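So the structure is just underneath, and the comments pick up after that.
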2 protein chains.
Amino acid sequence: MSAEEPSVRRRRGPSMADVARLAGVSGQTVSRVANDRHNVDAVTRERVQAAMRQLGYRPNSAARALRNGEYRSIGVIVFELHSFGTTRTLDAIATAATIRGYAINLVPVLDVTQSAVTNAFNRLGQQAVDGVIILIEAYTLDEAGVRLPDGLPVVVIDSSAHYDYPIVDTDQRQGARLATEHLLELGHETVWHLGGPPTSFAADRRRQSWEQTLIDHGREVPPVVDGDWTSTSGYEAGRRLAANDAVTAVFVGNDQMALGLLRALYERGRAVPDDVSVVGFDDMEESAHFWPPLTTVRQTFSEVGRRSVDALIAEIQAGEHHHAPVAVPTELIIRQSTAPPLNRNQHRAQ
Amino acid sequence: MSAEEPSVRRRRGPSMADVARLAGVSGQTVSRVANDRHNVDAVTRERVQAAMRQLGYRPNSAARALRNGEYRSIGVIVFELHSFGTTRTLDAIATAATIRGYAINLVPVLDVTQSAVTNAFNRLGQQAVDGVIILIEAYTLDEAGVRLPDGLPVVVIDSSAHYDYPIVDTDQRQGARLATEHLLELGHETVWHLGGPPTSFAADRRRQSWEQTLIDHGREVPPVVDGDWTSTSGYEAGRRLAANDAVTAVFVGNDQMALGLLRALYERGRAVPDDVSVVGFDDMEESAHFWPPLTTVRQTFSEVGRRSVDALIAEIQAGEHHHAPVAVPTELIIRQSTAPPLNRNQHRAQ
DNA sequence: ACGCGCGATGTTTACGTCAACATCGACGCG
DNA sequence: CGCGTCGATGTTGACGTAAACATCGCGCGT
């Protein structure tokens, strides 16, 4: 142990040339072995592999990237890792990319200012990536007069269609309609909405679709209350809704805010689902254990992640440019936070 | 403009040589401008920058890495992005690394098998990184007879001390003691424990510390119930605890499981905190809005992330090797899920 | 027996950047 | 007025890899 100690920390590991020397072959043969080419004699291959093992050789990916003109790496621009959706999508992207043989380069936007976004884009421009997935709520994108280098393939998740980039997203419209119609079918006269931040396109589409659904069914459209996706904002907005006896059904923009609303309703003594029905959006793992277990719209984040990686790699490899946005469908998960409305008498009686 | 158009623009962008030609200088001068060296005439600098803009030049990071022998990139091995802690820590790592001028290379372990872990390590060995942060629950590490290439600096988060790598982690012992003593001070005779998976070192340390605290106070140590961090497992384990009238205080290994326990207690008709007090661990954003708002131990994930990046960069740049593990302290956040026990009479009366 | 073909292996070179060294001209000082 | 100095800029080469091309030797067909 003491004799082996690598006291002289050398920056660079062994190169092909070192392996070649030890194995008594040329560098090219080492290269062929490293890349699993077939035209190498079995004996030679074995000898080279032994040399690699002995030296602890690992190919220098910088040299490889320089030589080949591609990095086999995907950049992912992310604003924050606090929301359930972003996290899950990132997870799915990482998995899909890994399976396809691409590495992930995570580029956080440090704060909400324009300059921070521009900065992140610039950083990414310098980064060793073949393409980029943008995973930030799009308003930030819109505000920043941001330009990624031409010729760098880009896929956008959760965004407006302002950009000439392919878009992959959950089918927000379909999900919001599912939620709203579920509540109407239970017999509620109308459905209130606790929405996400107005700056988010996802929130905006859910709001629009909720509104359209109500209109399609000839119902009144109550005023919207906005949160910012956090359960704290859901609680605060929820207190206003809880104080309003006309509210019997609420479609909430995500599960975290729904949790805040549930709390506000309890504090006000309004029973869920007897007095008020609540539907969320996302289906986080926890939602099944809220009290009562939350009826919600399940997003298939894994699918969103996978599809965006597929789209990006298609662009990288073939220069394909799919303009048709991909919309991943949702599914309504009915649990115990929704029920038919009690009529007024029963309600008051209880 | 049209005459100039590089219509056959293939994979590779413009290089220094292209910029140099357009600006009428040597490549070296372009390099100096790109790297903000001071010894360039202001006029020349301006001309070069104009050329860069016109061509959309961005330095080729592969060539740079090859030349300089460093990637300015950190690899992060991650098992899953489902748990609150992992996500937050990753966020903090990404932020800290970016500030220090390092990129993040995210390497997911695709599943729990040994080969997947080994595989991830191998992938990482090929990756363009100067160092590695391991952010997976350590048992997986232990089982896989894993070897990262020598000379590649590594920092481990949430792990055993079996490895010769620096460790940064939340002070699990102190946190568990805080939680347990809080419940004892409220007057509970003893404290039950709903722990994380036995394979997790974090879970193990919390369990040990809870037990030690009880022993130090001369209390009985009840049998442990285990979950796997998910709220579903918390619910299932919680049903057993809820059915046991002797249980008046529970320290839960994380907030997600605590949510499941709360649900189990409600279903059983046991009031929180009047019949049973509950303390969680983590302090997720949602915990403040559980019903009742959860008393919990706050982990400062941002600090854990920052410290691990600091430790890693110190190793990368100076070859320093800190063996002293870093333990980041926790803080008890008292909310409404804990209270003194009702005495038996009152309890039965209600 | 001779040459052709083919598989195994070697040699050369370029990928883009930047450190090291070389050069060149202007300015100051004795 | 000549030489030294210093700042601005240019030239060369090496980082590690892999494609393209070159070479070598063996077996097979006639």
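Residue numbering restarts at 1 for every chain of the structure tokens, chains are lettered A, B, ... in their displayed order, and ligands are numbered from 1 as they appear.
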
Identify every residue of chain C that has at least one atom within 7 Å of any atom of chain B, counting only C-alpha atoms (C1' of nucleotides), and report the result as a count of residues only. 3

Could you list, as a PyMOL selection string, the residues of chain A having an atom within 8 Å of chain B when counting only C-alpha atoms? chain A and resi 9-12+56+58-63+65-66+69-71+80-82+87-88+91+94-95+98+103-108+110+125-128+149-150+230-232+235+256+259-260+263+285-286+288-291

Could you write out as an MDAnalysis selection string the residues of chain D within 9 Å of chain A, counting only C-alpha atoms (C1' of nucleotides)? chainID D and resid 15:18

Can you superpose chain A onto chain B by least squares over all C-alpha atoms paired in order and give the moved copy as a compact mmCIF listing (two decimals) with C-alpha atoms, in the first residue's frame?
# COMPACT_ATOMS: atom_id res chain seq x y z
CA MET A 1 -34.37 34.82 -44.56
CA SER A 2 -34.50 32.40 -47.47
CA ALA A 3 -31.19 33.59 -48.85
CA GLU A 4 -29.46 33.14 -45.53
CA GLU A 5 -30.52 29.56 -45.07
CA PRO A 6 -27.62 27.36 -44.06
CA SER A 7 -28.69 24.50 -46.26
CA VAL A 8 -25.39 22.69 -45.97
CA ARG A 9 -25.37 21.72 -42.33
CA ARG A 10 -21.70 21.79 -41.45
CA ARG A 11 -20.75 19.93 -38.34
CA ARG A 12 -17.98 22.15 -37.20
CA GLY A 13 -18.19 25.76 -36.38
CA PRO A 14 -15.59 28.37 -37.21
CA SER A 15 -12.21 27.89 -35.58
CA MET A 16 -9.62 30.30 -34.33
CA ALA A 17 -7.94 30.16 -37.67
CA ASP A 18 -11.09 31.43 -39.37
CA VAL A 19 -11.40 34.30 -36.95
CA ALA A 20 -7.72 35.07 -37.30
CA ARG A 21 -7.96 35.20 -41.07
CA LEU A 22 -10.94 37.53 -40.99
CA ALA A 23 -9.38 39.83 -38.42
CA GLY A 24 -6.02 39.73 -40.14
CA VAL A 25 -4.13 38.54 -37.10
CA SER A 26 -2.54 35.30 -35.98
CA GLY A 27 -4.39 32.51 -34.24
CA GLN A 28 -2.47 33.20 -31.11
CA THR A 29 -3.83 36.70 -30.86
CA VAL A 30 -7.34 35.34 -31.19
CA SER A 31 -6.53 32.96 -28.39
CA ARG A 32 -5.34 35.82 -26.25
CA VAL A 33 -8.52 37.76 -26.85
CA ALA A 34 -10.67 34.72 -26.17
CA ASN A 35 -8.90 34.19 -22.87
CA ASP A 36 -8.94 37.81 -21.84
CA ARG A 37 -5.21 38.20 -21.69
CA HIS A 38 -4.16 41.78 -21.06
CA ASN A 39 -1.30 42.05 -23.50
CA VAL A 40 -3.37 42.78 -26.57
CA ASP A 41 -3.75 46.21 -28.06
CA ALA A 42 -7.22 47.68 -27.58
CA VAL A 43 -7.70 48.26 -31.29
CA THR A 44 -6.63 44.74 -32.21
CA ARG A 45 -8.84 43.29 -29.51
CA GLU A 46 -11.80 45.15 -30.87
CA ARG A 47 -11.14 43.94 -34.38
CA VAL A 48 -10.84 40.34 -33.22
CA GLN A 49 -14.01 40.53 -31.18
CA ALA A 50 -15.85 41.90 -34.18
CA ALA A 51 -14.63 38.99 -36.26
CA MET A 52 -15.73 36.57 -33.56
CA ARG A 53 -19.18 38.06 -33.48
CA GLN A 54 -19.45 38.07 -37.23
CA LEU A 55 -18.55 34.40 -37.55
CA GLY A 56 -20.39 33.27 -34.44
CA TYR A 57 -17.17 31.84 -33.13
CA ARG A 58 -17.24 29.77 -29.97
CA PRO A 59 -14.12 28.14 -28.63
CA ASN A 60 -13.95 24.42 -29.08
CA SER A 61 -13.99 23.05 -25.59
CA ALA A 62 -12.67 19.68 -26.65
CA ALA A 63 -9.55 21.20 -28.10
CA ARG A 64 -9.22 23.38 -25.06
CA ALA A 65 -9.58 20.45 -22.70
CA LEU A 66 -7.08 18.43 -24.71
CA ARG A 67 -4.60 21.23 -24.70
CA ASN A 68 -4.99 22.17 -21.05
CA GLY A 69 -5.36 18.70 -19.63
CA GLU A 70 -8.45 19.59 -17.68
CA TYR A 71 -12.12 19.65 -18.48
CA ARG A 72 -13.46 22.01 -15.87
CA SER A 73 -16.28 19.61 -15.39
CA ILE A 74 -17.57 17.58 -12.49
CA GLY A 75 -19.33 14.25 -12.81
CA VAL A 76 -22.27 13.55 -10.53
CA ILE A 77 -23.42 9.97 -10.16
CA VAL A 78 -27.03 9.84 -9.17
CA PHE A 79 -29.32 6.92 -8.60
CA GLU A 80 -32.73 8.45 -8.84
CA LEU A 81 -34.21 11.89 -8.83
CA HIS A 82 -37.34 10.94 -6.92
CA SER A 83 -36.41 11.83 -3.41
CA PHE A 84 -36.55 15.37 -2.20
CA GLY A 85 -33.08 15.29 -0.74
CA THR A 86 -31.27 14.02 -3.81
CA THR A 87 -32.97 16.57 -5.99
CA ARG A 88 -32.20 19.48 -3.75
CA THR A 89 -28.64 18.44 -3.27
CA LEU A 90 -28.14 18.09 -7.00
CA ASP A 91 -29.56 21.54 -7.46
CA ALA A 92 -27.12 22.94 -4.94
CA ILE A 93 -24.21 21.08 -6.51
CA ALA A 94 -25.08 22.42 -9.93
CA THR A 95 -25.31 25.95 -8.63
CA ALA A 96 -22.09 25.81 -6.67
CA ALA A 97 -20.19 24.21 -9.52
CA THR A 98 -21.43 26.76 -12.00
CA ILE A 99 -20.32 29.60 -9.77
CA ARG A 100 -16.91 28.05 -9.48
CA GLY A 101 -16.74 27.74 -13.24
CA TYR A 102 -17.26 24.01 -13.51
CA ALA A 103 -19.78 22.24 -15.68
CA ILE A 104 -21.89 19.35 -14.43
CA ASN A 105 -21.92 15.95 -16.03
CA LEU A 106 -24.93 14.02 -14.81
CA VAL A 107 -24.53 10.26 -14.83
CA PRO A 108 -27.62 8.29 -13.85
CA VAL A 109 -27.42 4.75 -12.56
CA LEU A 110 -30.12 3.08 -14.54
CA ASP A 111 -31.26 0.51 -12.02
CA VAL A 112 -30.33 -1.04 -8.73
CA THR A 113 -28.34 -3.96 -9.99
CA GLN A 114 -24.63 -4.17 -9.37
CA SER A 115 -23.90 -4.23 -13.03
CA ALA A 116 -25.78 -1.00 -13.57
CA VAL A 117 -23.68 0.71 -10.94
CA THR A 118 -20.47 -0.70 -12.29
CA ASN A 119 -21.63 0.39 -15.66
CA ALA A 120 -22.26 3.93 -14.52
CA PHE A 121 -18.81 4.05 -12.99
CA ASN A 122 -17.26 2.87 -16.20
CA ARG A 123 -19.19 5.38 -18.19
CA LEU A 124 -17.97 8.02 -15.85
CA GLY A 125 -14.42 6.78 -16.31
CA GLN A 126 -14.78 7.60 -19.99
CA GLN A 127 -16.42 10.89 -19.30
CA ALA A 128 -14.74 14.23 -19.60
CA VAL A 129 -14.58 15.05 -15.92
CA ASP A 130 -11.93 16.22 -13.49
CA GLY A 131 -13.63 14.78 -10.45
CA VAL A 132 -16.70 12.95 -9.26
CA ILE A 133 -19.40 13.42 -6.66
CA ILE A 134 -21.25 10.27 -5.72
CA LEU A 135 -24.80 10.96 -4.69
CA ILE A 136 -26.29 7.50 -4.35
CA GLU A 137 -27.34 5.68 -1.26
CA ALA A 138 -24.25 3.95 -0.28
CA TYR A 139 -25.24 0.35 0.06
CA THR A 140 -25.27 0.12 -3.67
CA LEU A 141 -21.74 1.40 -3.61
CA ASP A 142 -20.70 -1.16 -1.09
CA GLU A 143 -22.15 -4.10 -2.91
CA ALA A 144 -20.68 -3.30 -6.23
CA GLY A 145 -16.98 -4.01 -6.14
CA VAL A 146 -16.57 -0.73 -7.80
CA ARG A 147 -13.34 0.95 -8.68
CA LEU A 148 -13.06 4.35 -10.12
CA PRO A 149 -9.87 5.09 -12.00
CA ASP A 150 -7.02 6.03 -9.70
CA GLY A 151 -6.20 9.66 -9.54
CA LEU A 152 -9.75 10.79 -10.21
CA PRO A 153 -10.80 12.86 -7.20
CA VAL A 154 -14.02 11.70 -5.60
CA VAL A 155 -16.34 13.05 -2.94
CA VAL A 156 -19.10 10.95 -1.46
CA ILE A 157 -22.39 12.21 -0.09
CA ASP A 158 -24.51 10.13 2.24
CA SER A 159 -22.33 7.12 2.63
CA SER A 160 -20.43 4.89 4.92
CA ALA A 161 -16.88 5.64 5.87
CA HIS A 162 -15.68 2.46 4.20
CA TYR A 163 -14.15 4.38 1.42
CA ASP A 164 -11.05 6.38 1.31
CA TYR A 165 -12.95 9.30 -0.16
CA PRO A 166 -13.92 12.51 1.58
CA ILE A 167 -17.47 12.48 2.84
CA VAL A 168 -19.93 15.34 3.12
CA ASP A 169 -23.29 14.76 4.69
CA THR A 170 -26.02 16.14 6.85
CA ASP A 171 -25.38 15.51 10.53
CA GLN A 172 -27.88 12.68 10.75
CA ARG A 173 -27.09 11.88 14.37
CA GLN A 174 -27.65 15.41 15.58
CA GLY A 175 -30.89 15.70 13.60
CA ALA A 176 -32.35 12.47 14.91
CA ARG A 177 -31.41 13.41 18.44
CA LEU A 178 -33.09 16.79 18.03
CA ALA A 179 -36.30 15.13 16.91
CA THR A 180 -36.31 12.46 19.57
CA GLU A 181 -35.51 14.80 22.43
CA HIS A 182 -38.18 17.23 21.30
CA LEU A 183 -40.77 14.48 21.70
CA LEU A 184 -39.39 13.35 25.05
CA GLU A 185 -39.38 16.89 26.34
CA LEU A 186 -43.03 17.20 25.47
CA GLY A 187 -43.60 14.42 27.97
CA HIS A 188 -43.94 11.31 25.85
CA GLU A 189 -42.79 8.17 27.58
CA THR A 190 -40.99 6.92 24.57
CA VAL A 191 -40.71 7.57 20.85
CA TRP A 192 -41.42 5.14 18.08
CA HIS A 193 -39.51 5.18 14.81
CA LEU A 194 -40.62 4.76 11.25
CA GLY A 195 -37.28 4.41 9.50
CA GLY A 196 -35.94 4.48 5.97
CA PRO A 197 -34.69 1.40 4.16
CA PRO A 198 -32.11 -0.56 6.16
CA THR A 199 -29.80 -0.42 3.18
CA SER A 200 -29.45 3.35 3.45
CA PHE A 201 -26.68 4.70 5.62
CA ALA A 202 -28.60 7.88 6.28
CA ALA A 203 -31.54 5.85 7.51
CA ASP A 204 -29.25 3.69 9.57
CA ARG A 205 -27.61 6.61 11.30
CA ARG A 206 -30.92 8.23 12.08
CA ARG A 207 -32.15 4.97 13.57
CA GLN A 208 -29.01 4.50 15.65
CA SER A 209 -29.13 8.01 16.97
CA TRP A 210 -32.81 7.76 17.86
CA GLU A 211 -32.08 4.56 19.73
CA GLN A 212 -29.08 6.03 21.51
CA THR A 213 -31.08 9.06 22.56
CA LEU A 214 -33.77 6.89 24.08
CA ILE A 215 -31.15 4.85 25.92
CA ASP A 216 -29.44 7.99 27.17
CA HIS A 217 -32.74 9.09 28.64
CA GLY A 218 -33.40 5.69 30.13
CA ARG A 219 -36.40 4.99 27.94
CA GLU A 220 -37.62 1.80 26.41
CA VAL A 221 -36.69 1.26 22.77
CA PRO A 222 -39.73 0.16 20.79
CA PRO A 223 -39.34 -2.01 17.71
CA VAL A 224 -38.55 -0.16 14.50
CA VAL A 225 -40.86 -0.15 11.53
CA ASP A 226 -39.18 0.31 8.18
CA GLY A 227 -40.27 2.03 4.99
CA ASP A 228 -38.43 2.85 1.80
CA TRP A 229 -38.70 6.67 1.91
CA THR A 230 -41.89 6.79 -0.20
CA SER A 231 -45.14 8.03 1.26
CA THR A 232 -46.78 4.81 0.19
CA SER A 233 -44.42 2.82 2.35
CA GLY A 234 -45.03 5.35 5.13
CA TYR A 235 -48.73 4.72 4.81
CA GLU A 236 -48.38 0.98 4.95
CA ALA A 237 -46.00 0.96 7.86
CA GLY A 238 -48.12 3.69 9.42
CA ARG A 239 -51.19 1.51 9.50
CA ARG A 240 -49.44 -0.84 11.85
CA LEU A 241 -48.38 2.01 14.11
CA ALA A 242 -51.82 3.57 14.02
CA ALA A 243 -53.37 0.33 15.18
CA ASN A 244 -51.19 0.31 18.28
CA ASP A 245 -52.65 2.43 21.07
CA ALA A 246 -49.35 2.49 22.90
CA VAL A 247 -47.93 4.73 20.21
CA THR A 248 -48.14 8.41 21.16
CA ALA A 249 -45.08 9.80 19.44
CA VAL A 250 -43.35 8.85 16.20
CA PHE A 251 -40.11 10.05 14.69
CA VAL A 252 -40.31 9.40 10.97
CA GLY A 253 -37.23 9.03 8.75
CA ASN A 254 -38.44 11.56 6.20
CA ASP A 255 -41.33 13.87 5.45
CA GLN A 256 -42.73 11.81 2.62
CA MET A 257 -43.22 8.80 4.86
CA ALA A 258 -44.59 11.10 7.53
CA LEU A 259 -47.31 12.12 5.09
CA GLY A 260 -48.26 8.47 4.67
CA LEU A 261 -48.31 8.02 8.42
CA LEU A 262 -50.58 11.04 8.86
CA ARG A 263 -53.01 9.51 6.42
CA ALA A 264 -52.94 6.17 8.22
CA LEU A 265 -53.62 7.92 11.52
CA TYR A 266 -56.60 9.79 10.11
CA GLU A 267 -58.07 6.68 8.65
CA ARG A 268 -57.79 5.09 12.05
CA GLY A 269 -59.38 8.12 13.68
CA ARG A 270 -56.37 9.06 15.76
CA ALA A 271 -55.89 12.79 16.06
CA VAL A 272 -52.58 14.51 15.39
CA PRO A 273 -51.10 15.86 17.60
CA ASP A 274 -53.62 15.13 20.36
CA ASP A 275 -53.43 11.35 20.18
CA VAL A 276 -50.15 10.97 18.34
CA SER A 277 -47.28 13.38 17.78
CA VAL A 278 -45.29 13.11 14.56
CA VAL A 279 -41.88 14.49 13.64
CA GLY A 280 -40.46 14.20 10.14
CA PHE A 281 -37.07 14.73 8.58
CA ASP A 282 -36.07 16.93 5.60
CA ASP A 283 -38.49 19.86 5.73
CA MET A 284 -39.78 19.76 2.21
CA GLU A 285 -41.63 22.81 1.05
CA GLU A 286 -44.91 20.89 1.30
CA SER A 287 -44.43 19.87 4.92
CA ALA A 288 -45.61 23.23 6.18
CA HIS A 289 -48.95 22.51 4.54
CA PHE A 290 -49.56 18.97 5.61
CA TRP A 291 -52.50 18.64 7.91
CA PRO A 292 -51.53 19.46 10.54
CA PRO A 293 -48.38 21.31 9.47
CA LEU A 294 -45.50 19.00 10.17
CA THR A 295 -42.86 19.43 12.83
CA THR A 296 -39.66 18.27 11.18
CA VAL A 297 -35.89 18.38 11.04
CA ARG A 298 -34.64 20.72 8.38
CA GLN A 299 -31.68 19.61 6.32
CA THR A 300 -29.67 22.30 4.64
CA PHE A 301 -29.19 20.60 1.33
CA SER A 302 -27.75 23.66 -0.27
CA GLU A 303 -24.96 23.57 2.25
CA VAL A 304 -24.30 19.91 1.63
CA GLY A 305 -24.09 20.53 -2.08
CA ARG A 306 -21.87 23.53 -1.72
CA ARG A 307 -19.49 21.88 0.68
CA SER A 308 -19.07 18.82 -1.48
CA VAL A 309 -18.26 20.92 -4.51
CA ASP A 310 -15.76 22.88 -2.45
CA ALA A 311 -14.13 19.72 -1.20
CA LEU A 312 -13.95 18.26 -4.67
CA ILE A 313 -12.49 21.33 -6.27
CA ALA A 314 -9.92 21.57 -3.52
CA GLU A 315 -8.83 18.06 -4.34
CA ILE A 316 -8.80 18.67 -8.05
CA GLN A 317 -6.80 21.82 -7.86
CA ALA A 318 -4.47 21.19 -4.99
CA GLY A 319 -4.52 17.46 -4.63
CA GLU A 320 -5.68 18.04 -1.08
CA HIS A 321 -7.24 15.12 0.65
CA HIS A 322 -9.51 16.00 3.52
CA HIS A 323 -10.25 12.91 5.46
CA ALA A 324 -12.28 14.65 8.09
CA PRO A 325 -15.91 14.13 7.08
CA VAL A 326 -18.00 17.26 6.85
CA ALA A 327 -21.23 17.12 8.88
CA VAL A 328 -23.77 19.83 8.12
CA PRO A 329 -25.99 20.60 11.10
CA THR A 330 -29.79 20.44 11.03
CA GLU A 331 -32.46 22.54 12.62
CA LEU A 332 -35.70 21.52 14.30
CA ILE A 333 -38.74 23.22 12.80
CA ILE A 334 -41.61 23.04 15.25
CA ARG A 335 -45.07 23.22 13.72
CA GLN A 336 -48.34 21.67 14.76
CA SER A 337 -47.92 17.93 14.54
CA THR A 338 -46.38 17.63 18.00
CA ALA A 339 -47.87 18.28 21.43
CA PRO A 340 -47.72 16.88 24.94
CA PRO A 341 -49.49 13.55 25.26
CA LEU A 342 -53.05 13.55 26.57
CA ASN A 343 -53.29 11.30 29.58
CA ARG A 344 -55.20 8.11 29.09
CA ASN A 345 -58.44 9.36 30.58
CA GLN A 346 -58.64 12.42 28.45
CA HIS A 347 -57.70 10.36 25.48
CA ARG A 348 -60.45 7.86 25.99
CA ALA A 349 -62.94 10.55 26.87
CA GLN A 350 -62.45 12.33 23.61

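Minimum distance to DG25 (chain C) across D:DC1, D:DA20, D:DC28, D:DC6 (counting only C-alpha atoms (C1' of nucleotides)) occurs at D:DC6.
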
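Between C1' of DG3 (chain C) and C1' of DT23 (chain D) the interatomic distance comes to 16.9 Å.
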
Those of region 117-245 of chain B in DSSP helix (DSSP H, G or I), formatted as a VMD selection string: chain B and resid 117 to 126 138 to 143 172 to 185 201 to 216 231 to 242
